[in-house]
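Structure first, then comments.
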Amino acid sequence: MTVDAPIDCAIPPQRDCARYKMHKYWAGKPWYVVAEYIRHFTREGDIVLDPFCGGGVVGCEALINRRRTVLNDLNPMAVFIAKNTCRSPVDLELFLAELKKIEARIKDKIMDMYRLREKCPICGEYLYARHVVRGPAKNGAWIVDARCRNGHGRGFNVRRLLTEEEKSDISRIEDAAIPFWHPDGELPDGREIMRLKSAGITHIHQLFTRRNLVALSMVHHEIRQITDEAVRDLMLTAFSNTLLHASKLKSEDLRPMSANSYYCMGDWIEENVWERFENRILWRWGVLEGKRETNRLIGDYFKPVREFFGMEKEGTFLLLNRPAQDLSNLPPESVDYCFTDPPYGGSIQYGELTLLWRSWLGMDDSFIKDEIIINTFQNKDERAFENMLKKAFSEVYRVLKPGHWLSVTFNNRTPGVWSALLNACRAAGFEKVNVVPQKPLSKSFVQSWSRYSLKRDLILNFRKPAKTLIRRCENNSSAFEPKTIIILAAKEYLSKFRRATLPELFEAAMMKCIDAYYDDPDAMRHFLDAKGTKCFDMTSVDRFLQSDAAFLRSEENKNIIYSLVME
Ligand SMILES: C[S@@+](CC[C@H](N)C(=O)[O-])C[C@H]1O[C@@H](n2cnc3c(N)ncnc32)[C@H](O)[C@@H]1O
Ligand SMILES: [Zn+2]
């Protein structure tokens, strides 16, 4: 689809949404901007690609707007989040029934692990720790923040030192064996991971107190018993989004990883695992609300397929987990629009920072060698970063249809990182059309804290030239032939609209020929041959399509109808 003018800054909506808050991920783009770009550059049924999909905002907004989508990310954690964000509909009655079952089996057992010896002055029931400040800086003088489980007297919180008896209750829990599986692998070396190592954490389980490991292993074990895959995955999403809060990366003053790093404070807190898990499900931005939204907005338009050819049939959603440098399972010129947010140099170490979640979800590190990043531990400098980005953008160029658009969001202060991005897009063959600044919906921690951080993202709009065919013809003259163009145009048209009449395909082929021949007077001969015979008319279109096994021809009410032959 050809659009003349790229668009201005999108206006933020009145209300934010829950669907992109089901699990923490970084650099999530404002969904209303993504939605506006998708609507501007595509039509219903078109295919939208994001090769660096992260949490899946582009795919989800594409589906909501009835566009098909191909998402890809190298990091299996991103792929997991994107899948759970986009999947629709999910049976939420079943989800709540499974939650009830888990609750019945383990909620009281877990809550009892956080019980104090003091009772609520209002109802006389026990108080339970919401969290305990337990970091080494406290030197054994642990502070508890507690409340009653009945919920009355909201805001009624107790804050005091734990008594020796209460500390010995904790020791008893921590002396017992951890009942179920939990990750315990040694931490690899890494730029961010070194921060943990210098805080004395050498193995993944040391990021949690033993009490929290006991509780987490119980929740994890219960979730694993759920047989419905979508419900289990959604529960795991909430569980995984509990982990950072339940780890030693959280202090009372700082949300975990808010500075995009494994910064470990001396006064870390130990949160109540059950309360946080329940909160990740039921709070206003929790997985339940997120899925209510996508169930309502996407409904049954979500039709996942495993291979690209499935998109030419019924499929609307293809999710890949591979390096963007090699998208060889996508055919050339098959994508209508690409909106993407590539990695920004070394500012966020996605591979390393997802380790905590991945270790619980059974996802290893083998992908890291292909990660597009600047990281000396991986021997990747600016030059390596640029070379990898070049490969990725030349793949985007290959799969995008000629004349179609690529929008790249980018936010970085380092000139070398900018030049890597621009060189990559230029080398791929993209024409830069314009740059649009975009305000974020809310400032990130780094944006509000650092005076040097950029307060806006830039959206760069590029276009793949419509004259690709002409360039190709220099060394491939058959691509210039009417037959080649007619067949290509018909395949594109039918993969979008499924069925078409002969005149519709003639028109599609004519448009493609104009694009291909316009700039080259010599090529205009293909409209008429040397003898002045018309070689580009309706009859020849019909003849060429009949001669190609990819097409199915039928006659209905005197109309000639074509569709694609499917295996
Ligand atoms: C800036 S983030 C995208 C965030 C996304 N826009 C969102 O809304 O959540 C960049 C993504 O690129 C991914 N990535 C890094 N190297 C990659 C590669 N070689 N191929 C594909 N994805 C890669 C990272 O895992 C990360 O998820
Ligand atoms: Zn009470």
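The way I read the labels, and the way they are meant: chains A, B, ... in the order of the structure tokens, residue 1 as the first residue of every chain, and ligand 1 as the first ligand shown, with later ones counted on from there.
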* For ligand 1, list the contacting residues at 6 Å or closer, counting only C-alpha atoms and all ligand atoms, as JSON, numbers by chain. => {"A": [25, 26, 27, 28, 29, 51, 52, 53, 54, 55, 56, 57, 73, 74, 75, 78, 323, 324, 341, 342, 343, 350, 370, 371, 372]}
Writing out the chosen residues with C-alpha atoms as a compact mmCIF listing (two decimals), in the first residue's frame:
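Saved file selection.txt follows:
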```
# COMPACT_ATOMS: atom_id res chain seq x y z
CA TYR A 25 9.77 -5.93 29.67
CA TRP A 26 11.82 -2.96 28.54
CA ALA A 27 11.28 -0.21 26.01
CA GLY A 28 7.63 -1.05 25.39
CA LYS A 29 6.45 1.47 22.83
CA PRO A 51 11.60 -8.53 13.87
CA PHE A 52 12.58 -7.25 17.39
CA CYS A 53 9.17 -7.70 18.96
CA GLY A 54 10.01 -7.66 22.69
CA GLY A 55 6.75 -7.86 24.63
CA GLY A 56 4.68 -7.92 21.43
CA VAL A 57 3.02 -4.49 21.34
CA ASP A 73 12.56 -12.00 18.84
CA LEU A 74 15.79 -13.82 19.59
CA ASN A 75 15.13 -13.91 23.31
CA ALA A 78 10.31 -11.94 24.86
CA PRO A 323 18.04 -14.02 14.92
CA ALA A 324 16.61 -11.13 12.92
CA ASP A 341 12.20 -1.03 17.89
CA PRO A 342 15.71 -2.49 17.54
CA PRO A 343 18.17 -2.85 20.45
CA TYR A 350 18.11 -8.06 27.34
CA ASP A 370 23.37 -13.94 18.09
CA GLU A 371 22.17 -11.09 20.25
CA ILE A 372 22.50 -7.67 18.62
```
* To do: Would you mind writing down, as an MDAnalysis selection string, each residue of segment 93-306 of chain A that DSSP on the backbone assigns to alpha helix (DSSP H)?
  => chainID A and resid 93:102 108:113 164:175 193:198 210:224 229:243 273:282 287:297
Residue selection dump (C-alpha atoms) as a PDB file, in the first residue's frame:
```pdb
ATOM      1  CA  GLU A  93     -13.429 -18.858  33.801  1.00  0.00           C
ATOM      2  CA  LEU A  94     -11.133 -21.841  33.590  1.00  0.00           C
ATOM      3  CA  PHE A  95      -8.227 -19.623  34.615  1.00  0.00           C
ATOM      4  CA  LEU A  96     -10.067 -18.471  37.739  1.00  0.00           C
ATOM      5  CA  ALA A  97     -11.122 -22.042  38.523  1.00  0.00           C
ATOM      6  CA  GLU A  98      -7.456 -23.128  38.336  1.00  0.00           C
ATOM      7  CA  LEU A  99      -6.482 -20.221  40.557  1.00  0.00           C
ATOM      8  CA  LYS A 100      -9.078 -21.345  43.115  1.00  0.00           C
ATOM      9  CA  LYS A 101      -7.617 -24.859  43.064  1.00  0.00           C
ATOM     10  CA  ILE A 102      -4.099 -23.561  43.646  1.00  0.00           C
ATOM     11  CA  ASP A 108      -2.727 -21.034  53.645  1.00  0.00           C
ATOM     12  CA  LYS A 109       0.499 -23.043  53.779  1.00  0.00           C
ATOM     13  CA  ILE A 110       2.399 -20.193  52.158  1.00  0.00           C
ATOM     14  CA  MET A 111       0.713 -17.430  54.138  1.00  0.00           C
ATOM     15  CA  ASP A 112       1.534 -19.279  57.350  1.00  0.00           C
ATOM     16  CA  MET A 113       5.224 -19.008  56.486  1.00  0.00           C
ATOM     17  CA  GLU A 164      13.767 -13.156  68.192  1.00  0.00           C
ATOM     18  CA  GLU A 165      10.945 -15.723  68.309  1.00  0.00           C
ATOM     19  CA  GLU A 166       9.680 -14.636  64.912  1.00  0.00           C
ATOM     20  CA  LYS A 167      13.201 -14.842  63.539  1.00  0.00           C
ATOM     21  CA  SER A 168      13.521 -18.370  64.838  1.00  0.00           C
ATOM     22  CA  ASP A 169      10.211 -19.231  63.097  1.00  0.00           C
ATOM     23  CA  ILE A 170      11.848 -18.112  59.863  1.00  0.00           C
ATOM     24  CA  SER A 171      14.953 -20.173  60.599  1.00  0.00           C
ATOM     25  CA  ARG A 172      12.832 -23.285  61.094  1.00  0.00           C
ATOM     26  CA  ILE A 173      11.230 -22.797  57.673  1.00  0.00           C
ATOM     27  CA  GLU A 174      14.603 -22.169  56.122  1.00  0.00           C
ATOM     28  CA  ASP A 175      16.228 -25.254  57.660  1.00  0.00           C
ATOM     29  CA  ILE A 193      25.739 -10.292  36.054  1.00  0.00           C
ATOM     30  CA  MET A 194      29.104  -9.132  37.432  1.00  0.00           C
ATOM     31  CA  ARG A 195      27.178  -6.762  39.703  1.00  0.00           C
ATOM     32  CA  LEU A 196      25.511  -9.772  41.318  1.00  0.00           C
ATOM     33  CA  LYS A 197      28.793 -11.590  41.635  1.00  0.00           C
ATOM     34  CA  SER A 198      30.355  -8.643  43.402  1.00  0.00           C
ATOM     35  CA  ARG A 210      15.220 -19.689  51.321  1.00  0.00           C
ATOM     36  CA  ARG A 211      11.744 -18.908  52.643  1.00  0.00           C
ATOM     37  CA  ASN A 212      10.814 -17.316  49.329  1.00  0.00           C
ATOM     38  CA  LEU A 213      12.373 -20.202  47.415  1.00  0.00           C
ATOM     39  CA  VAL A 214      10.139 -22.618  49.337  1.00  0.00           C
ATOM     40  CA  ALA A 215       7.053 -20.552  48.505  1.00  0.00           C
ATOM     41  CA  LEU A 216       8.021 -19.977  44.862  1.00  0.00           C
ATOM     42  CA  SER A 217       8.762 -23.667  44.309  1.00  0.00           C
ATOM     43  CA  MET A 218       5.281 -24.526  45.637  1.00  0.00           C
ATOM     44  CA  VAL A 219       3.514 -22.039  43.355  1.00  0.00           C
ATOM     45  CA  HIS A 220       5.597 -23.128  40.369  1.00  0.00           C
ATOM     46  CA  HIS A 221       4.858 -26.793  41.061  1.00  0.00           C
ATOM     47  CA  GLU A 222       1.107 -26.158  41.195  1.00  0.00           C
ATOM     48  CA  ILE A 223       1.108 -24.176  37.965  1.00  0.00           C
ATOM     49  CA  ARG A 224       2.927 -27.010  36.201  1.00  0.00           C
ATOM     50  CA  GLU A 229      -1.739 -24.695  27.829  1.00  0.00           C
ATOM     51  CA  ALA A 230      -3.127 -21.166  27.501  1.00  0.00           C
ATOM     52  CA  VAL A 231      -4.262 -21.074  31.127  1.00  0.00           C
ATOM     53  CA  ARG A 232      -0.976 -22.550  32.344  1.00  0.00           C
ATOM     54  CA  ASP A 233       1.050 -20.032  30.333  1.00  0.00           C
ATOM     55  CA  LEU A 234      -1.003 -17.142  31.654  1.00  0.00           C
ATOM     56  CA  MET A 235      -0.514 -18.342  35.229  1.00  0.00           C
ATOM     57  CA  LEU A 236       3.240 -18.687  34.523  1.00  0.00           C
ATOM     58  CA  THR A 237       3.248 -15.128  33.202  1.00  0.00           C
ATOM     59  CA  ALA A 238       1.908 -13.911  36.551  1.00  0.00           C
ATOM     60  CA  PHE A 239       4.363 -16.158  38.390  1.00  0.00           C
ATOM     61  CA  SER A 240       7.310 -14.934  36.353  1.00  0.00           C
ATOM     62  CA  ASN A 241       6.237 -11.340  36.909  1.00  0.00           C
ATOM     63  CA  THR A 242       6.310 -12.077  40.652  1.00  0.00           C
ATOM     64  CA  LEU A 243       9.951 -13.171  40.632  1.00  0.00           C
ATOM     65  CA  VAL A 273       5.314 -14.463  47.686  1.00  0.00           C
ATOM     66  CA  TRP A 274       1.615 -15.343  47.794  1.00  0.00           C
ATOM     67  CA  GLU A 275       0.450 -11.739  48.113  1.00  0.00           C
ATOM     68  CA  ARG A 276       2.635 -10.616  45.234  1.00  0.00           C
ATOM     69  CA  PHE A 277       1.563 -13.540  43.030  1.00  0.00           C
ATOM     70  CA  GLU A 278      -2.107 -12.821  43.691  1.00  0.00           C
ATOM     71  CA  ASN A 279      -1.499  -9.156  43.020  1.00  0.00           C
ATOM     72  CA  ARG A 280       0.121  -9.918  39.642  1.00  0.00           C
ATOM     73  CA  ILE A 281      -3.108 -11.665  38.679  1.00  0.00           C
ATOM     74  CA  LEU A 282      -5.812  -9.519  40.226  1.00  0.00           C
ATOM     75  CA  VAL A 287      -2.942 -10.646  33.800  1.00  0.00           C
ATOM     76  CA  LEU A 288      -6.674 -11.035  34.326  1.00  0.00           C
ATOM     77  CA  GLU A 289      -7.486  -7.492  33.239  1.00  0.00           C
ATOM     78  CA  GLY A 290      -4.912  -7.705  30.434  1.00  0.00           C
ATOM     79  CA  LYS A 291      -6.589 -10.812  29.044  1.00  0.00           C
ATOM     80  CA  ARG A 292     -10.075  -9.368  29.452  1.00  0.00           C
ATOM     81  CA  GLU A 293      -8.923  -6.580  27.162  1.00  0.00           C
ATOM     82  CA  THR A 294      -7.421  -8.801  24.473  1.00  0.00           C
ATOM     83  CA  ASN A 295     -10.339 -11.259  24.637  1.00  0.00           C
ATOM     84  CA  ARG A 296     -12.634  -8.319  23.959  1.00  0.00           C
ATOM     85  CA  LEU A 297     -10.473  -6.528  21.378  1.00  0.00           C
TER      86      LEU A 297
END
```
* Skipping near chain neighbours, those fewer than 4 positions away, what residues fall within 9 Å of Gln349 of chain A using only C-alpha atoms, listed as a list in words? -> Arg191, Glu192, Asn260, Ser261, Pro343, Leu353, Thr354, Ile373, Ile374 and Asn375 of chain A
Can those selected residues be exported to a file as a short mmCIF file (atom, residue, chain, number, x, y, z; two decimals), in the first residue's frame so that it contains C-alpha atoms?
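Output file part.cif is given in full below:
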```cif
data_model
loop_
_atom_site.label_atom_id
_atom_site.label_comp_id
_atom_site.auth_asym_id
_atom_site.auth_seq_id
_atom_site.Cartn_x
_atom_site.Cartn_y
_atom_site.Cartn_z
CA ARG A 191 28.36 -7.21 32.12
CA GLU A 192 25.30 -6.96 34.35
CA ASN A 260 17.84 -1.61 33.80
CA SER A 261 20.55 -3.31 35.79
CA PRO A 343 18.17 -2.85 20.45
CA LEU A 353 18.57 -9.27 32.38
CA THR A 354 16.04 -11.93 31.44
CA ILE A 373 24.11 -5.73 21.42
CA ILE A 374 27.26 -3.92 22.54
CA ASN A 375 28.81 -6.00 25.33
#
```
With 7 Å as the cut-off and only C-alpha atoms and all ligand atoms counted, what is the closest atom pair between each nearby residue of chain A and ligand 2? Distances in Å to one decimal, ordered by chain and number, as a tab-separated table.
```
residue	atom	partner	partner_atom_place_in_ligand_line	distance
A:Cys120	CA	ligand 2	1 (Zn)	4.6
A:Pro121	CA	ligand 2	1 (Zn)	6.6
A:Ile122	CA	ligand 2	1 (Zn)	4.8
A:Cys123	CA	ligand 2	1 (Zn)	4.0
A:Gly124	CA	ligand 2	1 (Zn)	6.1
A:Glu125	CA	ligand 2	1 (Zn)	5.8
A:Cys148	CA	ligand 2	1 (Zn)	4.5
A:Arg149	CA	ligand 2	1 (Zn)	6.5
A:Asn150	CA	ligand 2	1 (Zn)	5.4
A:Gly151	CA	ligand 2	1 (Zn)	6.6
A:His152	CA	ligand 2	1 (Zn)	5.9
```
Restricted to N, CA and C atoms, what would the selected residues look like written as a tab-separated table (two decimals), in the first residue's frame?
```
chain	number	residue	atom	x	y	z
A	120	CYS	N	-4.06	-9.07	65.26
A	120	CYS	CA	-4.66	-7.79	64.89
A	120	CYS	C	-5.53	-7.28	66.04
A	121	PRO	N	-5.36	-6.04	66.44
A	121	PRO	CA	-6.16	-5.52	67.55
A	121	PRO	C	-7.64	-5.38	67.18
A	122	ILE	N	-7.98	-5.42	65.90
A	122	ILE	CA	-9.38	-5.23	65.51
A	122	ILE	C	-10.12	-6.58	65.44
A	123	CYS	N	-9.56	-7.55	64.71
A	123	CYS	CA	-10.31	-8.81	64.54
A	123	CYS	C	-9.71	-9.96	65.35
A	124	GLY	N	-8.56	-9.75	65.89
A	124	GLY	CA	-7.98	-10.80	66.72
A	124	GLY	C	-7.30	-11.91	65.93
A	125	GLU	N	-7.27	-11.78	64.57
A	125	GLU	CA	-6.57	-12.79	63.75
A	125	GLU	C	-5.09	-12.43	63.69
A	148	CYS	N	-3.24	-7.28	58.73
A	148	CYS	CA	-4.21	-8.34	58.98
A	148	CYS	C	-4.75	-8.87	57.66
A	149	ARG	N	-5.11	-10.16	57.62
A	149	ARG	CA	-5.58	-10.78	56.38
A	149	ARG	C	-7.03	-10.49	56.08
A	150	ASN	N	-7.77	-9.97	57.07
A	150	ASN	CA	-9.20	-9.74	56.83
A	150	ASN	C	-9.47	-8.45	56.05
A	151	GLY	N	-8.48	-7.65	55.93
A	151	GLY	CA	-8.60	-6.47	55.07
A	151	GLY	C	-9.32	-5.30	55.70
A	152	HIS	N	-9.91	-5.48	56.86
A	152	HIS	CA	-10.56	-4.29	57.42
A	152	HIS	C	-9.50	-3.38	58.04
```
* To do: Find, counting only C-alpha atoms, the residue in A:Gly403, A:Leu327, A:Val144, A:Leu92 that gets nearest to Arg115 of chain A.
  => A:Val144
* **Distance criterion (only C-alpha atoms): nearest to Ala424 of chain A out of A:Trp405, A:Tyr37, A:Phe309, A:Phe462** =>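 Residue with the minimum atom-to-atom distance to Ala424 of chain A: A:Phe462.
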* **Secondary structure check, strand (DSSP E or B) residues of segment 255-361 of chain A, as a PyMOL selection string** => chain A and resi 268-271+304-305+317-320+335-340
Can I get the selected residues back with N, CA and C atoms, as a short mmCIF file (atom, residue, chain, number, x, y, z; two decimals), in the first residue's frame?
```cif
data_model
loop_
_atom_site.label_atom_id
_atom_site.label_comp_id
_atom_site.auth_asym_id
_atom_site.auth_seq_id
_atom_site.Cartn_x
_atom_site.Cartn_y
_atom_site.Cartn_z
N TRP A 268 17.95 -4.95 50.94
CA TRP A 268 16.89 -5.56 50.14
C TRP A 268 15.76 -6.09 51.03
N ILE A 269 14.60 -6.24 50.40
CA ILE A 269 13.46 -6.74 51.18
C ILE A 269 13.06 -8.13 50.69
N GLU A 270 12.38 -8.85 51.58
CA GLU A 270 11.82 -10.15 51.23
C GLU A 270 10.31 -9.99 51.21
N GLU A 271 9.73 -10.05 50.01
CA GLU A 271 8.26 -9.87 49.90
C GLU A 271 7.52 -11.16 50.15
N PRO A 304 -3.03 -18.59 15.30
CA PRO A 304 -1.59 -18.81 15.19
C PRO A 304 -1.25 -19.87 14.15
N VAL A 305 -0.15 -19.67 13.45
CA VAL A 305 0.35 -20.69 12.51
C VAL A 305 1.84 -20.89 12.77
N PHE A 317 -1.34 -15.00 12.76
CA PHE A 317 -0.30 -14.73 13.76
C PHE A 317 0.83 -15.75 13.63
N LEU A 318 2.02 -15.24 13.30
CA LEU A 318 3.20 -16.10 13.24
C LEU A 318 4.24 -15.53 14.18
N LEU A 319 4.72 -16.37 15.10
CA LEU A 319 5.69 -15.91 16.10
C LEU A 319 6.97 -16.72 15.93
N LEU A 320 8.06 -16.01 15.65
CA LEU A 320 9.34 -16.70 15.42
C LEU A 320 10.31 -16.37 16.54
N VAL A 335 5.74 -8.95 3.10
CA VAL A 335 5.28 -8.20 4.26
C VAL A 335 4.82 -6.81 3.81
N ASP A 336 3.70 -6.33 4.35
CA ASP A 336 3.15 -5.04 3.92
C ASP A 336 3.74 -3.86 4.68
N TYR A 337 4.17 -4.09 5.92
CA TYR A 337 4.66 -2.96 6.72
C TYR A 337 5.50 -3.52 7.86
N CYS A 338 6.55 -2.77 8.20
CA CYS A 338 7.36 -3.19 9.35
C CYS A 338 7.46 -2.03 10.33
N PHE A 339 7.08 -2.29 11.56
CA PHE A 339 7.27 -1.30 12.64
C PHE A 339 8.15 -1.99 13.66
N THR A 340 9.29 -1.37 13.99
CA THR A 340 10.18 -2.08 14.91
C THR A 340 10.98 -1.15 15.79
#
```
* To do: Between atom CA of Ala489 of chain A and atom CA of Glu395 of chain A, measure the distance and give it in Å to one decimal.
  =>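 Result for atom CA of Ala489 of chain A versus atom CA of Glu395 of chain A: 21.1 Å, one decimal.
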* Point-to-point distance in Å for atom CA of Trp142 of chain A and atom CA of Thr163 of chain A ->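 According to the coordinates, atom CA of Thr163 of chain A and atom CA of Trp142 of chain A are separated by 8.7 Å.
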